[in-house]
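See below for coords-v5.json, which holds JSON, C-alpha atoms.
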```json
[["chain", "number", "residue", "atom", "x", "y", "z"],
["A", 9, "ASP", "CA", 61.31, 192.91, 307.80],
["A", 10, "GLY", "CA", 64.79, 193.10, 306.29],
["A", 11, "GLY", "CA", 67.11, 190.19, 306.72],
["A", 12, "ILE", "CA", 68.70, 187.07, 305.33],
["A", 13, "THR", "CA", 66.74, 183.92, 304.65],
["A", 14, "GLN", "CA", 68.34, 180.53, 304.34],
["A", 15, "SER", "CA", 66.39, 177.51, 303.26],
["A", 16, "PRO", "CA", 65.84, 174.82, 304.13],
["A", 17, "LYS", "CA", 66.77, 174.75, 307.82],
["A", 18, "TYR", "CA", 67.50, 171.01, 307.70],
["A", 19, "LEU", "CA", 68.58, 169.05, 304.66],
["A", 20, "PHE", "CA", 69.33, 165.38, 304.21],
["A", 21, "ARG", "CA", 71.03, 163.98, 301.12],
["A", 22, "LYS", "CA", 72.52, 160.73, 300.03],
["A", 23, "GLU", "CA", 76.23, 160.51, 299.47],
["A", 24, "GLY", "CA", 77.22, 161.37, 295.90],
["A", 25, "GLN", "CA", 74.36, 163.78, 295.27],
["A", 26, "ASN", "CA", 74.81, 167.47, 294.64],
["A", 27, "VAL", "CA", 72.69, 169.76, 296.80],
["A", 28, "THR", "CA", 71.98, 173.49, 296.60],
["A", 29, "LEU", "CA", 71.47, 175.69, 299.66],
["A", 30, "SER", "CA", 69.47, 178.86, 299.19],
["A", 31, "CYS", "CA", 70.40, 182.29, 300.57],
["A", 32, "GLU", "CA", 68.34, 185.41, 299.91],
["A", 33, "GLN", "CA", 68.73, 188.90, 301.38],
["A", 34, "ASN", "CA", 66.56, 191.99, 301.16],
["A", 35, "LEU", "CA", 69.02, 194.32, 302.86],
["A", 36, "ASN", "CA", 70.34, 195.71, 299.56],
["A", 37, "HIS", "CA", 73.82, 194.56, 300.57],
["A", 38, "ASP", "CA", 76.56, 194.30, 298.00],
["A", 39, "ALA", "CA", 78.62, 191.63, 299.75],
["A", 40, "MET", "CA", 77.54, 188.08, 300.56],
["A", 41, "TYR", "CA", 79.39, 185.19, 302.16],
["A", 42, "TRP", "CA", 79.13, 181.48, 302.82],
["A", 43, "TYR", "CA", 80.66, 179.94, 305.93],
["A", 44, "ARG", "CA", 80.87, 176.41, 307.16],
["A", 45, "GLN", "CA", 80.68, 175.74, 310.90],
["A", 46, "ASP", "CA", 81.96, 172.55, 312.50],
["A", 47, "PRO", "CA", 82.15, 171.90, 316.27],
["A", 48, "GLY", "CA", 85.33, 173.34, 317.76],
["A", 49, "GLN", "CA", 86.49, 174.89, 314.48],
["A", 50, "GLY", "CA", 84.67, 178.17, 314.38],
["A", 51, "LEU", "CA", 83.56, 179.56, 311.03],
["A", 52, "ARG", "CA", 85.49, 178.87, 307.87],
["A", 53, "LEU", "CA", 84.93, 180.90, 304.72],
["A", 54, "ILE", "CA", 83.85, 178.93, 301.66],
["A", 55, "TYR", "CA", 83.10, 181.63, 299.05],
["A", 56, "TYR", "CA", 82.36, 185.32, 299.04],
["A", 57, "SER", "CA", 80.99, 187.84, 296.58],
["A", 58, "GLN", "CA", 81.46, 191.57, 296.85],
["A", 59, "ILE", "CA", 79.40, 192.47, 293.80],
["A", 60, "VAL", "CA", 76.92, 190.88, 291.43],
["A", 61, "ASN", "CA", 78.42, 188.51, 288.85],
["A", 62, "ASP", "CA", 81.67, 188.25, 290.77],
["A", 63, "PHE", "CA", 82.82, 185.90, 293.53],
["A", 64, "GLN", "CA", 86.05, 184.61, 295.06],
["A", 65, "LYS", "CA", 87.13, 181.42, 296.76],
["A", 66, "GLY", "CA", 87.54, 181.45, 300.49],
["A", 67, "ASP", "CA", 89.66, 179.14, 302.60],
["A", 68, "ILE", "CA", 87.82, 175.88, 301.92],
["A", 69, "ALA", "CA", 86.23, 176.24, 298.46],
["A", 70, "GLU", "CA", 87.06, 172.75, 297.20],
["A", 71, "GLY", "CA", 83.91, 170.74, 296.53],
["A", 72, "TYR", "CA", 81.65, 173.79, 296.54],
["A", 73, "SER", "CA", 80.34, 176.16, 293.87],
["A", 74, "VAL", "CA", 78.36, 179.41, 293.94],
["A", 75, "SER", "CA", 76.70, 181.90, 291.64],
["A", 76, "ARG", "CA", 75.76, 185.57, 292.06],
["A", 77, "GLU", "CA", 73.41, 186.43, 289.23],
["A", 78, "LYS", "CA", 71.24, 188.70, 291.36],
["A", 79, "LYS", "CA", 72.22, 191.08, 294.13],
["A", 80, "GLU", "CA", 69.82, 189.48, 296.61],
["A", 81, "SER", "CA", 70.70, 185.83, 295.96],
["A", 82, "PHE", "CA", 73.85, 183.76, 296.58],
["A", 83, "PRO", "CA", 73.13, 180.02, 296.35],
["A", 84, "LEU", "CA", 75.74, 177.46, 297.40],
["A", 85, "THR", "CA", 76.02, 174.06, 295.75],
["A", 86, "VAL", "CA", 77.68, 171.29, 297.70],
["A", 87, "THR", "CA", 78.98, 168.88, 295.11],
["A", 88, "SER", "CA", 79.81, 165.21, 295.36],
["A", 89, "ALA", "CA", 83.47, 166.21, 295.33],
["A", 90, "GLN", "CA", 83.18, 167.60, 298.85],
["A", 91, "LYS", "CA", 84.58, 164.80, 300.98],
["A", 92, "ASN", "CA", 82.94, 165.69, 304.28],
["A", 93, "PRO", "CA", 79.83, 167.76, 303.55],
["A", 94, "THR", "CA", 77.89, 167.19, 306.76],
["A", 95, "ALA", "CA", 77.99, 170.54, 308.60],
["A", 96, "PHE", "CA", 76.11, 173.68, 309.54],
["A", 97, "TYR", "CA", 76.21, 176.24, 306.72],
["A", 98, "LEU", "CA", 75.81, 179.95, 307.36],
["A", 99, "CYS", "CA", 75.16, 182.66, 304.81],
["A", 100, "ALA", "CA", 75.89, 186.31, 305.60],
["A", 101, "SER", "CA", 75.80, 189.68, 303.93],
["A", 102, "SER", "CA", 77.26, 193.12, 304.58],
["A", 103, "SER", "CA", 76.79, 196.52, 303.00],
["A", 104, "SER", "CA", 80.37, 196.63, 301.78],
["A", 105, "GLY", "CA", 83.73, 195.20, 302.67],
["A", 106, "TRP", "CA", 84.96, 193.20, 305.61],
["A", 107, "ASN", "CA", 84.87, 196.00, 308.17],
["A", 108, "THR", "CA", 81.11, 196.48, 308.06],
["A", 109, "GLU", "CA", 78.72, 194.46, 310.17],
["A", 110, "ALA", "CA", 77.85, 191.06, 308.75],
["A", 111, "PHE", "CA", 74.23, 189.93, 309.06],
["A", 112, "PHE", "CA", 73.74, 186.19, 309.24],
["A", 113, "GLY", "CA", 70.96, 183.86, 308.22],
["A", 114, "GLN", "CA", 69.62, 181.16, 310.54],
["A", 115, "GLY", "CA", 71.75, 178.50, 308.89],
["A", 116, "THR", "CA", 71.16, 175.22, 307.11],
["A", 117, "ARG", "CA", 72.15, 171.96, 308.73],
["A", 118, "LEU", "CA", 73.16, 169.54, 306.01],
["A", 119, "THR", "CA", 73.43, 165.84, 306.77],
["A", 120, "VAL", "CA", 74.77, 163.49, 304.14],
["A", 121, "VAL", "CA", 74.06, 159.82, 304.70],
["B", 18, "ALA", "CA", 98.01, 186.89, 307.56],
["B", 19, "GLN", "CA", 95.86, 187.42, 310.62],
["B", 20, "SER", "CA", 94.56, 185.04, 313.24],
["B", 21, "VAL", "CA", 92.32, 184.97, 316.30],
["B", 22, "THR", "CA", 92.78, 182.84, 319.40],
["B", 23, "GLN", "CA", 90.00, 182.12, 321.87],
["B", 24, "LEU", "CA", 91.76, 180.01, 324.47],
["B", 25, "ASP", "CA", 88.65, 178.96, 326.39],
["B", 26, "SER", "CA", 86.36, 176.62, 324.47],
["B", 27, "GLN", "CA", 83.88, 176.42, 327.35],
["B", 28, "VAL", "CA", 83.23, 178.75, 330.29],
["B", 29, "PRO", "CA", 80.72, 177.81, 333.00],
["B", 30, "VAL", "CA", 79.61, 180.68, 335.24],
["B", 31, "PHE", "CA", 77.06, 180.99, 338.03],
["B", 32, "GLU", "CA", 74.14, 183.30, 337.39],
["B", 33, "GLU", "CA", 74.80, 186.90, 338.48],
["B", 34, "ALA", "CA", 78.56, 186.29, 338.60],
["B", 35, "PRO", "CA", 80.98, 188.23, 336.39],
["B", 36, "VAL", "CA", 82.52, 186.71, 333.28],
["B", 37, "GLU", "CA", 85.42, 187.39, 330.94],
["B", 38, "LEU", "CA", 85.81, 185.68, 327.58],
["B", 39, "ARG", "CA", 89.31, 186.01, 326.24],
["B", 40, "CYS", "CA", 90.29, 186.92, 322.69],
["B", 41, "ASN", "CA", 93.79, 187.52, 321.36],
["B", 42, "TYR", "CA", 94.59, 188.36, 317.78],
["B", 43, "SER", "CA", 97.63, 188.46, 315.53],
["B", 44, "SER", "CA", 98.00, 190.86, 312.64],
["B", 45, "SER", "CA", 100.79, 192.79, 310.94],
["B", 46, "VAL", "CA", 98.51, 195.79, 310.34],
["B", 47, "SER", "CA", 95.88, 197.76, 312.22],
["B", 48, "VAL", "CA", 92.64, 195.90, 312.74],
["B", 49, "TYR", "CA", 88.93, 196.06, 313.30],
["B", 50, "LEU", "CA", 87.61, 193.73, 316.01],
["B", 51, "PHE", "CA", 84.21, 192.16, 316.52],
["B", 52, "TRP", "CA", 82.34, 189.95, 318.96],
["B", 53, "TYR", "CA", 79.44, 187.90, 317.61],
["B", 54, "VAL", "CA", 76.98, 185.79, 319.62],
["B", 55, "GLN", "CA", 75.28, 182.61, 318.44],
["B", 56, "TYR", "CA", 72.26, 181.21, 320.27],
["B", 57, "PRO", "CA", 71.51, 177.48, 319.79],
["B", 58, "ASN", "CA", 70.66, 176.50, 316.21],
["B", 59, "GLN", "CA", 70.74, 180.06, 314.99],
["B", 60, "GLY", "CA", 73.00, 182.32, 312.97],
["B", 61, "LEU", "CA", 75.42, 184.83, 314.44],
["B", 62, "GLN", "CA", 74.48, 188.31, 315.63],
["B", 63, "LEU", "CA", 76.88, 191.20, 316.09],
["B", 64, "LEU", "CA", 77.36, 191.94, 319.79],
["B", 65, "LEU", "CA", 79.85, 194.81, 319.59],
["B", 66, "LYS", "CA", 82.70, 196.10, 317.47],
["B", 67, "TYR", "CA", 85.81, 198.23, 317.66],
["B", 68, "LEU", "CA", 86.65, 200.23, 314.55],
["B", 69, "SER", "CA", 88.42, 203.31, 315.98],
["B", 70, "GLY", "CA", 88.20, 205.85, 318.79],
["B", 71, "SER", "CA", 87.49, 204.78, 322.35],
["B", 72, "THR", "CA", 89.09, 201.46, 323.16],
["B", 73, "LEU", "CA", 86.17, 200.47, 325.40],
["B", 74, "VAL", "CA", 83.05, 199.47, 323.51],
["B", 75, "GLU", "CA", 79.70, 198.41, 324.93],
["B", 76, "SER", "CA", 76.67, 196.45, 323.82],
["B", 77, "ILE", "CA", 73.05, 197.14, 324.67],
["B", 78, "ASN", "CA", 72.75, 194.05, 326.88],
["B", 79, "GLY", "CA", 75.54, 194.87, 329.32],
["B", 80, "PHE", "CA", 78.59, 193.33, 327.63],
["B", 81, "GLU", "CA", 81.73, 195.37, 327.06],
["B", 82, "ALA", "CA", 85.08, 194.75, 325.42],
["B", 83, "GLU", "CA", 88.34, 196.65, 325.56],
["B", 84, "PHE", "CA", 90.81, 196.88, 322.72],
["B", 85, "ASN", "CA", 94.35, 196.55, 324.07],
["B", 86, "LYS", "CA", 96.82, 197.12, 321.27],
["B", 87, "SER", "CA", 99.94, 196.36, 323.30],
["B", 88, "GLN", "CA", 98.57, 193.00, 324.40],
["B", 89, "THR", "CA", 96.74, 192.38, 321.10],
["B", 90, "SER", "CA", 93.62, 191.49, 323.01],
["B", 91, "PHE", "CA", 89.90, 192.22, 322.84],
["B", 92, "HIS", "CA", 88.44, 190.45, 325.87],
["B", 93, "LEU", "CA", 84.67, 190.42, 326.41],
["B", 94, "ARG", "CA", 83.30, 191.07, 329.89],
["B", 95, "LYS", "CA", 80.01, 191.30, 331.70],
["B", 96, "PRO", "CA", 79.73, 192.18, 335.42],
["B", 97, "SER", "CA", 76.65, 190.02, 336.07],
["B", 98, "VAL", "CA", 75.44, 187.27, 333.74],
["B", 99, "HIS", "CA", 71.91, 186.03, 333.19],
["B", 100, "ILE", "CA", 70.56, 182.68, 332.05],
["B", 101, "SER", "CA", 69.71, 184.27, 328.71],
["B", 102, "ASP", "CA", 73.42, 184.90, 328.08],
["B", 103, "THR", "CA", 73.93, 181.19, 327.47],
["B", 104, "ALA", "CA", 75.33, 181.05, 323.94],
["B", 105, "GLU", "CA", 78.49, 180.67, 321.92],
["B", 106, "TYR", "CA", 80.61, 183.77, 321.47],
["B", 107, "PHE", "CA", 82.94, 184.37, 318.54],
["B", 108, "CYS", "CA", 85.70, 186.93, 318.30],
["B", 109, "ALA", "CA", 86.62, 188.11, 314.80],
["B", 110, "VAL", "CA", 89.24, 190.37, 313.23],
["B", 111, "SER", "CA", 89.75, 192.09, 309.90],
["B", 112, "ALA", "CA", 92.42, 194.45, 308.62],
["B", 113, "ASN", "CA", 91.33, 198.08, 308.52],
["B", 114, "PHE", "CA", 92.38, 198.57, 304.94],
["B", 115, "GLY", "CA", 92.73, 196.53, 301.81],
["B", 116, "ASN", "CA", 90.64, 193.47, 301.23],
["B", 117, "GLU", "CA", 91.66, 191.20, 304.10],
["B", 118, "LYS", "CA", 88.77, 188.94, 304.98],
["B", 119, "LEU", "CA", 87.08, 188.59, 308.35],
["B", 120, "THR", "CA", 88.75, 185.86, 310.42],
["B", 121, "PHE", "CA", 86.83, 184.15, 313.23],
["B", 122, "GLY", "CA", 88.08, 182.48, 316.37],
["B", 123, "THR", "CA", 86.95, 178.98, 317.29],
["B", 124, "GLY", "CA", 84.33, 180.23, 319.72],
["B", 125, "THR", "CA", 83.69, 180.10, 323.48],
["B", 126, "ARG", "CA", 80.60, 178.37, 324.77],
["B", 127, "LEU", "CA", 79.25, 180.28, 327.77],
["B", 128, "THR", "CA", 77.06, 178.23, 330.09],
["B", 129, "ILE", "CA", 75.21, 179.95, 332.90],
["B", 130, "ILE", "CA", 74.58, 177.84, 335.98],
["B", 131, "PRO", "CA", 71.39, 178.73, 337.91]]
```
Please go through the file and, once you have read it, give me the structure as structure tokens.
Amino acid sequence: DGGITQSPKYLFRKEGQNVTLSCEQNLNHDAMYWYRQDPGQGLRLIYYSQIVNDFQKGDIAEGYSVSREKKESFPLTVTSAQKNPTAFYLCASSSSGWNTEAFFGQGTRLTVV
Amino acid sequence: AQSVTQLDSQVPVFEEAPVELRCNYSSSVSVYLFWYVQYPNQGLQLLLKYLSGSTLVESINGFEAEFNKSQTSFHLRKPSVHISDTAEYFCAVSANFGNEKLTFGTGTRLTIIP
């Protein structure tokens, strides 16, 4: 079945450690996105990539990094510079541009202790 | 810049009663509008979208939304809700040209009371 796979579903890390969240899609979509979801704040865009080997910062990119070496993969690294990393992270993809339907993964809940 | 306002953070509704979830947007250009639904501990799924044409759009599970340009609104309605409609609903907007990103509202949690 086509879709987006995020792993792991739950992740625990100690403060000060970098952690990488995986996002893979087999929809042959050009565009991929990372969002952060916090209670009462909706979804906030961290990074997005509209084509392989290219990505742009979203609204809250500080403390995060990404790579897009393959069309189907868009991993997100939460670095120790991110001051409040505990959140629900959602990866999405779309065939092209912002006006096409975005397909979301199941999310990764990151807890930093 | 564009923005989306969902004024109701929580909406409790009795089963089989009608519901309206409000969404207002702000944009200096023409827009595309979306409603996404998120069930507990899951990602978001597209419920319905307005790109052009008829201002009334419908989903397969009985929801509908109407684009009202003069009131800059895209309210979501369902005439009779079911327990399975319990979820969080997000309204989103993007400009219909250029590279303006998709902007989400803060969400409305719909709780169905048996």
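You will find CA of Leu98 (chain A) at 24.1 Å from CA of Leu68 (chain B).
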List as a ChimeraX atom specification the protein and nucleic acid residues near region 115-130 of chain B, meaning an atom at most 9 Å away when only C-alpha atoms are counted, but skip any in the same chain fewer than 5 places from it. /A:47-53,66,105-107 /B:18-33,38-40,42,98-110
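With all atoms listed in the file as the atoms that count, the minimum distance from Lys95 (chain B) to the choices B:Asn113, B:Ser69, B:Ser45, B:Ser76 is reached by B:Ser76.
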Within 12 Å of chain B, which residues belong to chain A? Use all atoms listed in the file and report them as a ChimeraX atom specification. /A:11-14,17-18,39,41-58,64-67,96-102,104-117
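Separating CA of Leu84 (chain A) from CA of Val27 (chain A) is a distance of 8.3 Å.
Reported to one decimal place, the separation of CA of Lys79 (chain A) from CA of Asn61 (chain A) is 8.5 Å.
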Mind listing as a PyMOL selection string all residues within 12 Å of (80.5, 201.0, 326.7), counting only C-alpha atoms? chain B and resi 64-67+71-84+93-95
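Near Tyr72 (chain A), within 8 Å and counting only C-alpha atoms, sit Ile54, Leu84, Thr85, Val86, Thr87, Ala89 and Gln90 of chain A; same-chain residues fewer than 4 positions away were not included.
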List the neighbours of Phe20 (chain A) out to 7 Å using only C-alpha atoms; skip same-chain residues closer than 4 positions along the sequence, and give me the result as a ChimeraX atom specification. /A:118-120
